[in-house]
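Have a look at the structure below, then the notes.
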Amino acid sequence: MLIDWFTVGAQVVNFLILVWLLKRFLYKPILDAIDAREKRIAEELADAGAKQNEAREQRDEFQKKNEEFDKQRDKLLNKAKDEAAAERQRILEEARRAAGDLRARQKDALKREQMSLYDEIGRRTREEVFAIARKTLTDLAGTSLEERMSEAFTCRLRELNEEAKGEFTKALSTSPDAALVRSAFELPPAQQTAIRHALNEIFTDEVRVRFETAPDVISGIELTANGRKVAWSIADYLASLNESIGELLEEHSKPEPQSGNKRAAPAEAK
């Protein structure tokens with residue numbers, strides 16, 4: 001069998017051309033596409049890894065922020081509890097002080113009411129005593145209360161001891177003004193004359209006297225001269241009565257001790 005070298009050469013050339021064409025137009029685009037795909041896959045994998053790392057970092061940061069938030073929350077809660085306890089204590093202290101002030105004001109008000117009641121009772125007592133004394137003296141002795149009070153005052157002057165009499169004599173002699181006789185009522189001329197005579201008799205000198213009506217002189221007569229005073233007042237006799245009334249009112253104003261057991265309710269009538 002004869003070999004046709006021209007045909008063999010042509011086939012070899014055709015094969016080489018075919019290989020070149022396949023490599024140029026088929027294998028190379030496929031290989032380039034495979035390389036591009038591998039590169040894209042590698043980039044995607046790298047990007048996924050980066051994103052995974054970023055997500056891990058964000059997760060760690062989020063956990064850290066949560067821990068910080070929990071710490072801040074606990075700190076704020078503890079601070080709020082402390083502030084609430086301090087505010088509660090402050091409110092309790094203010095309430096105690098307010099209650100104490102209220103009790104003190106109530107006590108002062110009660111004391112003022114008691115003093116006002118004492119004064120009113122004393123005033124009414126004096127009025128009633130004077131009225132009874134006037135009527136009694138008028139009915140039984142045919143004299144007035146003013147006359148008897150003037151007599152009692154002159155008796156008080158005559159009963160002065162020597163020391164008091166000497167001091168009052170000195171006060172009368174050194175006083176630039178006349179001696180002042182003050183009384184809760186207007187003294188009749190007869191009583192004024194009797195008092196002048198008693199003063200001249202007791203102090204052995206002409207005593208200048210002026211008379212004055214003073215409602216603040218509680219039911220009596222007083223003589224003042226240069227800072228010295230001699231007085232007689234029915235209020236002295238009423239002092240013990242006022243004291244007894246005051247003690248009685250204080251006993252009634254005291255709160256009753258509370259019993260530990262409640263009183264039994266009265267049985268219902270059958």
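Residues are referred to by chain and number: the chain letter is A, B, ... according to the order shown in the structure tokens, the number counts from 1 in that chain, and ligands are numbered separately from 1 in the order shown.
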
For Thr174 of chain A, please output as an mmCIF file with C-alpha atoms, in the first residue's frame all residues within 9 Å (counting only C-alpha atoms; exclusion window: fewer than 4 positions along the same chain).
data_model
loop_
_atom_site.group_PDB
_atom_site.id
_atom_site.type_symbol
_atom_site.label_atom_id
_atom_site.label_comp_id
_atom_site.auth_asym_id
_atom_site.auth_seq_id
_atom_site.Cartn_x
_atom_site.Cartn_y
_atom_site.Cartn_z
ATOM 1 C CA THR A 169 -41.025 108.554 154.061
ATOM 2 C CA LYS A 170 -37.754 109.033 152.177
ATOM 3 C CA ALA A 225 -44.133 107.591 145.282
ATOM 4 C CA ASN A 226 -40.698 107.745 143.660
#

Straight-line distance linking atom CA of Phe211 of chain A with atom CA of Ile195 of chain A, stated in Å to one decimal: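 It comes out at 10.2 Å.
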
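Using only C-alpha atoms, the shortest contact distance between Val207 of chain A and any of A:Ala98, A:Pro176, A:Glu186, A:Ile34 is found at A:Pro176.
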
Contacts between segment 146-155 of chain A and segment 162-209 of chain A, please, where a residue of segment 162-209 of chain A counts if it comes within 12 Å (with only C-alpha atoms); show its shortest atom pair and distance in Å to one decimal, rows by chain and ascending number, as a tab-separated table.
residue	atom	partner	partner_atom	distance
A:Val181	CA	A:Phe153	CA	10.7
A:Arg182	CA	A:Phe153	CA	11.5
A:Ser183	CA	A:Ser150	CA	9.7
A:Ala184	CA	A:Glu146	CA	10.0
A:Phe185	CA	A:Glu146	CA	8.0
A:Glu186	CA	A:Glu146	CA	8.8
A:Leu187	CA	A:Glu146	CA	7.1
A:Pro188	CA	A:Glu146	CA	8.2
A:Pro189	CA	A:Glu147	CA	10.8
A:Ala190	CA	A:Glu147	CA	8.7
A:Gln191	CA	A:Ser150	CA	6.2
A:Gln192	CA	A:Ser150	CA	8.5
A:Thr193	CA	A:Ser150	CA	10.4
A:Ala194	CA	A:Ser150	CA	8.1
A:Ile195	CA	A:Thr154	CA	6.4
A:Arg196	CA	A:Thr154	CA	9.5
A:His197	CA	A:Thr154	CA	9.5
A:Ala198	CA	A:Thr154	CA	6.3
A:Leu199	CA	A:Thr154	CA	8.2
A:Asn200	CA	A:Thr154	CA	11.4
A:Glu201	CA	A:Thr154	CA	10.6
A:Ile202	CA	A:Thr154	CA	9.6
